[in-house]
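Novice: My structure is stored as data-v2.txt, with compact mmCIF, C-alpha atoms.
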```
# COMPACT_ATOMS: atom_id res chain seq x y z
CA MET A 15 -26.36 207.03 54.15
CA HIS A 16 -23.49 205.04 55.63
CA PHE A 17 -25.61 202.06 56.76
CA LEU A 18 -26.41 201.19 53.12
CA ALA A 19 -22.75 200.80 52.23
CA PHE A 20 -22.12 197.12 52.73
CA SER A 21 -21.02 194.19 50.61
CA PHE A 22 -23.45 191.45 49.72
CA GLY A 23 -22.10 188.02 48.80
CA PHE A 24 -22.93 184.34 48.56
CA LYS A 25 -22.45 183.84 52.31
CA ASP A 26 -25.11 186.48 52.98
CA ILE A 27 -27.57 184.68 50.71
CA ILE A 28 -27.03 181.45 52.66
CA ASP A 29 -27.43 183.37 55.92
CA ILE A 30 -30.75 184.88 54.79
CA LEU A 31 -32.05 181.52 53.57
CA LEU A 32 -31.19 179.84 56.89
CA VAL A 33 -32.96 182.55 58.88
CA ALA A 34 -35.97 182.30 56.55
CA CYS A 35 -36.12 178.51 57.04
CA ILE A 36 -35.90 178.89 60.83
CA LEU A 37 -38.67 181.50 60.86
CA PHE A 38 -40.87 179.41 58.55
CA GLU A 39 -40.51 176.26 60.65
CA THR A 40 -41.17 178.29 63.81
CA TYR A 41 -44.33 179.71 62.26
CA ARG A 42 -45.53 176.23 61.23
CA LEU A 43 -44.91 174.96 64.74
CA LEU A 44 -46.78 177.82 66.41
CA ARG A 45 -49.62 177.73 63.89
CA LYS A 46 -50.47 174.17 64.97
CA THR A 47 -50.88 175.38 68.54
CA GLY A 48 -52.99 178.39 67.55
CA ALA A 49 -50.26 180.86 68.56
CA SER A 50 -49.49 182.25 65.10
CA ASN A 51 -50.55 185.81 66.11
CA LEU A 52 -47.97 185.75 68.88
CA PHE A 53 -45.34 184.74 66.30
CA TRP A 54 -46.10 187.80 64.18
CA GLY A 55 -45.94 190.01 67.26
CA ILE A 56 -42.50 188.67 68.18
CA LEU A 57 -41.32 189.01 64.58
CA ALA A 58 -42.49 192.66 64.49
CA PHE A 59 -40.63 193.36 67.73
CA ILE A 60 -37.42 191.81 66.37
CA LEU A 61 -37.73 193.86 63.18
CA VAL A 62 -38.11 197.11 65.16
CA TRP A 63 -35.14 196.11 67.35
CA PHE A 64 -33.02 195.48 64.23
CA LEU A 65 -33.94 198.85 62.71
CA VAL A 66 -33.27 200.73 65.95
CA SER A 67 -29.98 199.01 66.79
CA PHE A 68 -28.33 198.33 63.43
CA VAL A 69 -29.91 200.62 60.84
CA PHE A 70 -30.62 203.88 62.66
CA GLN A 71 -28.11 203.10 65.43
CA LEU A 72 -30.03 204.76 68.25
CA ASP A 73 -27.78 203.86 71.18
CA LEU A 74 -30.09 204.53 74.12
CA THR A 75 -33.19 202.96 72.55
CA GLY A 76 -31.06 200.12 71.20
CA ALA A 77 -29.68 199.40 74.68
CA LEU A 78 -33.23 199.26 76.05
CA PHE A 79 -34.28 196.83 73.31
CA ASP A 80 -31.15 194.73 73.94
CA ARG A 81 -32.17 194.33 77.60
CA ILE A 82 -35.70 193.35 76.61
CA ILE A 83 -34.38 190.83 74.06
CA SER A 84 -32.03 189.19 76.59
CA VAL A 85 -34.79 188.79 79.19
CA GLY A 86 -37.40 187.97 76.54
CA ALA A 87 -35.35 185.07 75.20
CA ILE A 88 -35.54 183.32 78.58
CA ALA A 89 -39.24 184.15 78.88
CA LEU A 90 -39.93 182.64 75.45
CA ILE A 91 -38.15 179.42 76.41
CA VAL A 92 -40.38 179.15 79.48
CA ILE A 93 -43.57 180.04 77.60
CA PHE A 94 -42.90 177.81 74.61
CA GLN A 95 -41.13 174.92 76.31
CA GLU A 96 -43.73 172.46 74.98
CA GLU A 97 -43.40 173.79 71.42
CA ILE A 98 -39.58 173.67 71.63
CA ARG A 99 -39.77 170.09 72.90
CA MET A 100 -42.15 169.29 70.04
CA PHE A 101 -39.70 170.75 67.50
CA PHE A 102 -36.78 168.62 68.65
CA TYR A 103 -39.06 165.58 68.95
CA ARG A 104 -40.04 165.98 65.28
CA VAL A 105 -36.41 166.47 64.25
CA GLY A 106 -35.46 163.30 66.13
CA SER A 107 -38.34 161.44 64.51
CA ARG A 108 -37.13 162.46 61.06
CA PHE A 109 -33.62 161.16 61.80
CA SER A 110 -34.82 157.93 63.38
CA SER A 111 -37.06 157.25 60.37
CA TRP A 112 -34.02 157.01 58.10
CA LYS A 113 -33.30 153.45 57.03
CA ILE A 114 -29.80 153.46 58.52
CA PHE A 115 -31.28 154.04 61.97
CA ARG A 116 -34.21 151.67 61.67
CA SER A 117 -34.38 148.03 62.60
CA LYS A 118 -35.11 145.22 60.17
CA PRO A 119 -37.82 146.41 57.73
CA GLN A 120 -41.22 144.85 58.04
CA ASP A 121 -42.15 142.21 55.48
CA ASP A 122 -44.71 143.54 52.96
CA THR A 123 -46.93 140.49 53.41
CA ALA A 124 -46.99 140.99 57.18
CA SER A 125 -47.70 144.68 56.69
CA ARG A 126 -50.59 143.91 54.33
CA GLN A 127 -52.06 141.37 56.74
CA GLN A 128 -51.76 143.85 59.60
CA ILE A 129 -53.64 146.50 57.64
CA LEU A 130 -56.33 144.00 56.66
CA GLU A 131 -56.90 143.11 60.31
CA ILE A 132 -57.04 146.79 61.33
CA THR A 133 -59.38 147.65 58.45
CA GLN A 134 -61.71 144.77 59.27
CA ALA A 135 -61.86 145.80 62.93
CA CYS A 136 -62.50 149.46 62.08
CA ARG A 137 -65.31 148.58 59.68
CA HIS A 138 -67.05 146.46 62.28
CA MET A 139 -66.57 149.05 65.04
CA ALA A 140 -67.89 151.77 62.73
CA SER A 141 -71.04 149.74 62.04
CA THR A 142 -71.67 149.33 65.78
CA LYS A 143 -70.54 152.89 66.65
CA THR A 144 -67.79 151.62 68.92
CA GLY A 145 -65.30 154.38 69.63
CA ALA A 146 -61.65 153.57 68.91
CA LEU A 147 -58.25 155.25 68.70
CA ILE A 148 -55.46 153.29 67.00
CA VAL A 149 -51.88 154.52 66.61
CA LEU A 150 -49.65 153.17 63.84
CA ALA A 151 -46.10 154.00 64.85
CA GLY A 152 -43.76 155.47 62.27
CA GLY A 153 -39.99 155.67 62.49
CA GLY A 154 -39.92 157.65 65.73
CA SER A 155 -39.98 156.10 69.16
CA LEU A 156 -43.28 156.10 71.05
CA LYS A 157 -41.86 154.66 74.27
CA GLU A 158 -43.24 157.52 76.38
CA ILE A 159 -46.72 156.85 74.99
CA VAL A 160 -46.48 153.07 75.32
CA ASP A 161 -45.35 153.39 78.94
CA THR A 162 -48.63 155.13 79.85
CA GLY A 163 -50.72 152.10 78.87
CA GLU A 164 -50.98 148.37 79.48
CA ARG A 165 -48.40 146.24 77.68
CA LEU A 166 -49.76 143.66 75.26
CA ASP A 167 -47.04 142.56 72.81
CA ALA A 168 -49.68 140.67 70.85
CA THR A 169 -50.05 139.91 67.15
CA VAL A 170 -52.44 142.25 65.37
CA SER A 171 -55.89 140.67 65.28
CA ALA A 172 -59.23 142.17 64.28
CA ARG A 173 -61.07 140.29 67.02
CA LEU A 174 -58.60 141.40 69.68
CA ILE A 175 -58.82 145.02 68.54
CA GLU A 176 -62.61 144.91 68.74
CA ASN A 177 -62.45 143.30 72.17
CA ILE A 178 -60.07 146.00 73.45
CA PHE A 179 -62.42 148.83 72.43
CA PHE A 180 -65.62 147.11 73.54
CA LYS A 181 -67.37 149.55 75.88
CA ASN A 182 -67.35 147.33 78.96
CA THR A 183 -63.66 146.40 78.85
CA PRO A 184 -61.14 148.22 81.10
CA LEU A 185 -58.79 148.98 78.16
CA HIS A 186 -61.28 150.68 75.81
CA ASP A 187 -60.64 154.20 77.10
CA GLY A 188 -57.33 155.18 75.52
CA ALA A 189 -55.21 154.46 72.45
CA LEU A 190 -53.92 151.19 71.04
CA VAL A 191 -50.32 151.45 69.77
CA ILE A 192 -49.23 149.18 66.92
CA ARG A 193 -45.75 148.76 65.45
CA ASP A 194 -44.48 146.14 63.00
CA ALA A 195 -47.55 143.86 63.20
CA LYS A 196 -47.44 143.91 67.01
CA MET A 197 -49.95 145.53 69.35
CA LEU A 198 -47.55 147.00 71.89
CA ALA A 199 -49.95 148.53 74.43
CA ALA A 200 -53.56 149.56 74.99
CA ALA A 201 -55.23 152.30 77.06
CA CYS A 202 -52.34 154.64 76.23
CA ILE A 203 -52.63 158.35 76.96
CA LEU A 204 -51.96 160.71 74.03
CA PRO A 205 -51.21 164.44 74.14
CA VAL A 206 -54.27 166.49 73.20
CA SER A 207 -53.83 169.11 70.49
CA LYS A 208 -54.04 172.74 71.63
CA ASN A 209 -54.88 173.97 68.14
CA GLN A 210 -57.80 176.40 68.48
CA THR A 211 -58.86 175.94 64.84
CA ILE A 212 -59.98 172.32 65.25
CA PRO A 213 -63.69 172.01 64.31
CA HIS A 214 -65.98 171.75 67.35
CA HIS A 215 -67.60 168.53 66.16
CA TYR A 216 -64.35 166.65 66.71
CA GLY A 217 -64.24 164.85 70.05
CA LEU A 218 -61.43 164.06 72.47
CA ARG A 219 -60.22 161.06 70.43
CA HIS A 220 -59.80 163.23 67.34
CA ARG A 221 -57.96 165.91 69.33
CA ALA A 222 -55.67 163.29 70.85
CA ALA A 223 -54.94 161.87 67.38
CA LEU A 224 -54.05 165.35 66.15
CA GLY A 225 -51.96 166.02 69.25
CA LEU A 226 -49.79 162.95 68.65
CA THR A 227 -49.40 163.45 64.91
CA GLU A 228 -48.38 167.07 65.48
CA LYS A 229 -45.42 165.81 67.50
CA THR A 230 -44.50 162.52 65.80
CA ASP A 231 -44.57 160.79 62.43
CA ALA A 232 -47.22 158.32 63.61
CA THR A 233 -50.55 157.79 61.85
CA CYS A 234 -53.77 157.62 63.91
CA ILE A 235 -57.12 156.04 63.10
CA VAL A 236 -60.21 157.29 64.91
CA VAL A 237 -63.64 155.65 64.95
CA SER A 238 -66.27 158.06 66.21
CA GLU A 239 -68.52 156.76 68.97
CA GLU A 240 -71.21 159.31 68.05
CA THR A 241 -71.35 158.92 64.26
CA GLY A 242 -69.44 155.72 63.52
CA ARG A 243 -67.32 157.58 60.97
CA ILE A 244 -63.67 156.73 60.45
CA SER A 245 -60.96 159.41 60.36
CA VAL A 246 -57.23 159.22 59.70
CA ALA A 247 -54.73 161.72 61.13
CA ALA A 248 -51.15 162.28 60.02
CA GLU A 249 -48.71 165.19 60.21
CA GLY A 250 -51.11 167.21 62.35
CA LYS A 251 -53.98 166.97 59.84
CA ILE A 252 -57.12 164.85 59.89
CA ARG A 253 -59.88 163.87 57.49
CA GLU A 254 -62.70 161.40 57.31
CA VAL A 255 -62.27 158.36 55.07
CA LYS A 256 -64.76 155.90 53.68
CA GLU A 257 -64.57 152.33 54.87
CA ASP A 258 -63.61 151.04 51.41
CA GLU A 259 -60.67 153.47 51.08
CA LEU A 260 -59.22 152.94 54.57
CA PHE A 261 -57.04 150.04 53.43
CA LEU A 262 -55.54 152.08 50.56
CA VAL A 263 -54.84 155.04 52.84
CA LEU A 264 -53.05 152.88 55.41
CA HIS A 265 -51.19 150.82 52.81
CA SER A 266 -49.76 153.90 51.18
CA SER A 267 -46.10 154.26 52.12
CA THR A 268 -46.48 158.02 52.45
CA THR A 269 -49.91 158.79 53.89
CA THR A 270 -51.00 162.30 53.05
CA VAL A 271 -53.95 163.68 54.93
CA PRO A 272 -55.19 166.96 53.48
CA ALA A 273 -56.62 169.55 55.78
CA SER A 274 -60.32 169.26 56.44
```
Written as C-alpha cells, that's how I'd like the structure from this file.

Specialist:
Amino acid sequence: MHFLAFSFGFKDIIDILLVACILFETYRLLRKTGASNLFWGILAFILVWFLVSFVFQLDLTGALFDRIISVGAIALIVIFQEEIRMFFYRVGSRFSSWKIFRSKPQDDTASRQQILEITQACRHMASTKTGALIVLAGGGSLKEIVDTGERLDATVSARLIENIFFKNTPLHDGALVIRDAKMLAAACILPVSKNQTIPHHYGLRHRAALGLTEKTDATCIVVSEETGRISVAAEGKIREVKEDELFLVLHSSTTTVPAS
C-alpha cells in the first residue's frame, strides 16, 4: 500500500516526542479539572480524522472532518479558556521561579523564623479549631490574588496570624498571602478547584487551596474549622500533616505532597 512507503528519520522522532509531550501535558491539565474523559474523546476524534484524511485518503469524508476540526478548534478555545489560561500561568510561573528572574533570595535565618511563626500559629489554631487558609508564595506572581484582599505588608507573626483568623475579625474569611517573611494581604479570594475527584469531606478552604496550587507554584496550609486538622497543598495535591511535621514540610525546599 502506497501510504506505508515513507521515510522515517531523526526529525520524525523529535516530532513524535513533541506531540507526545503536548498530549501528556494537556491530559494532566484536564485531569485536574475532571475533564479527562473529554480529552480521550477529542483524541479519538483526531485519530479517526488522521486515518480518514492521511491514511485512507477519503476525500469527501476527509473534507467533512476538516470542516469540523476548523470549527472545533475555536469551540475548544472557548470551552477550555480557563484551562488554557492555567497552562500558560503555570509555564510563566516556572520561568519566573528561575533564579535569574527572581529578586534577592531570602535569608535562610529569616525563612526559618517565618516558618516557626507560621507553625506556631497553625498549632494553636488547630487546638482551638480555628479555620485558616495561608498561602506561601513561590516564584510566580500572585498579584491578582493579593489585589482581591486587604493589604497588610506586615512582618510574619504568630500572634498576628491568629488574630487575622479569629472568628470575629473581618479578615478571617479568606486567605492570607505570605512572601519573603512578609504578610502581603489577608481576606484574599482564591480560585476554587473544579476537580470532581476531591473527597467530599474537604471543605471550601481545602478546595480553594487546591485551586490555587493547580494554577501556581504556591504552597497552601489549611487548618480545618471542623476537625482542627492541618493540611498542606502543593502542585494540585493535598494531604494532612501532623503538627510536629509541619515545620519540616514547609522548610523543605521542594515540598512534595503525595496524593491523598

Novice: To one decimal place in Å, what is the distance between CA of Gly250 in chain A and CA of Thr211 in chain A?

Specialist: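 Spanning CA of Gly250 in chain A to CA of Thr211 in chain A is a straight-line distance of 11.9 Å.
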
Novice: Can you work out the spacing between CA of Ser155 in chain A and CA of Leu204 in chain A in Å, to one decimal?

Specialist: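 It comes out at 13.7 Å.
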
Novice: In Å, with one decimal, what is the gap from CA of Ala248 in chain A to CA of Leu130 in chain A?

Specialist: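 For CA of Ala248 in chain A relative to CA of Leu130 in chain A, the distance reads 19.3 Å.
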
Novice: In the coordinates of the file, take the point (-55.1, 159.7, 57.1) and a cut-off of 8 Å; then, counting only C-alpha atoms, name each qualifying protein, DNA or RNA residue as a PyMOL selection string.

Specialist: chain A and resi 233-235+245-248+251-255+263-264+269-271

Novice: Got a sec: who's within 9 Å of His186 in chain A, counting only C-alpha atoms, leaving out chain neighbours fewer than 4 positions off, as a ChimeraX atom specification?

Specialist: /A:145-147,177-182,190,200-201

Novice: Could you list, as a PyMOL selection string, every residue within 7 Å of Lys143 in chain A, counting all atoms listed in the file and ignoring same-chain residues fewer than 5 positions away?

Specialist: chain A and resi 238-242

Novice: Point out the residue among A:Met139, A:Trp54, A:Leu226, A:His220 with the least atom-to-atom distance to Phe38 in chain A, counting all atoms listed in the file.

Specialist: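 Between A:Met139, A:Trp54, A:Leu226, A:His220, the residue approaching Phe38 in chain A most closely is A:Trp54.
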
Novice: From the coordinates I just gave you, please extract range 135-172 of chain A so that only C-alpha atoms remain, then output it as an mmCIF file, in the first residue's frame.

Specialist:
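And here's out26.cif as it stands now:
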```
data_model
loop_
_atom_site.group_PDB
_atom_site.id
_atom_site.type_symbol
_atom_site.label_atom_id
_atom_site.label_comp_id
_atom_site.auth_asym_id
_atom_site.auth_seq_id
_atom_site.Cartn_x
_atom_site.Cartn_y
_atom_site.Cartn_z
ATOM 1 C CA ALA A 135 0.139 29.844 64.770
ATOM 2 C CA CYS A 136 -1.172 26.748 62.976
ATOM 3 C CA ARG A 137 -0.649 24.557 66.029
ATOM 4 C CA HIS A 138 -2.566 26.944 68.247
ATOM 5 C CA MET A 139 -5.370 27.409 65.701
ATOM 6 C CA ALA A 140 -5.619 23.639 65.279
ATOM 7 C CA SER A 141 -6.017 23.178 69.038
ATOM 8 C CA THR A 142 -8.857 25.721 69.118
ATOM 9 C CA LYS A 143 -10.369 24.561 65.792
ATOM 10 C CA THR A 144 -9.917 27.965 64.218
ATOM 11 C CA GLY A 145 -10.216 27.721 60.455
ATOM 12 C CA ALA A 146 -7.326 29.181 58.450
ATOM 13 C CA LEU A 147 -6.003 29.332 54.890
ATOM 14 C CA ILE A 148 -2.402 30.500 54.433
ATOM 15 C CA VAL A 149 -0.663 30.887 51.076
ATOM 16 C CA LEU A 150 3.138 30.722 50.826
ATOM 17 C CA ALA A 151 4.036 32.298 47.506
ATOM 18 C CA GLY A 152 6.550 30.552 45.277
ATOM 19 C CA GLY A 153 8.404 32.066 42.353
ATOM 20 C CA GLY A 154 5.291 33.069 40.419
ATOM 21 C CA SER A 155 3.472 36.342 40.887
ATOM 22 C CA LEU A 156 0.288 36.319 42.969
ATOM 23 C CA LYS A 157 -0.604 39.956 42.306
ATOM 24 C CA GLU A 158 -4.092 39.070 41.066
ATOM 25 C CA ILE A 159 -4.750 37.169 44.293
ATOM 26 C CA VAL A 160 -3.244 39.830 46.549
ATOM 27 C CA ASP A 161 -5.331 42.535 44.882
ATOM 28 C CA THR A 162 -8.545 40.780 45.969
ATOM 29 C CA GLY A 163 -7.718 41.170 49.671
ATOM 30 C CA GLU A 164 -6.700 43.789 52.212
ATOM 31 C CA ARG A 165 -3.074 44.898 52.042
ATOM 32 C CA LEU A 166 -1.010 44.322 55.169
ATOM 33 C CA ASP A 167 2.725 44.408 54.338
ATOM 34 C CA ALA A 168 3.461 43.203 57.855
ATOM 35 C CA THR A 169 6.216 41.020 59.272
ATOM 36 C CA VAL A 170 5.155 37.419 59.794
ATOM 37 C CA SER A 171 3.976 36.980 63.374
ATOM 38 C CA ALA A 172 2.188 34.041 65.002
#
```
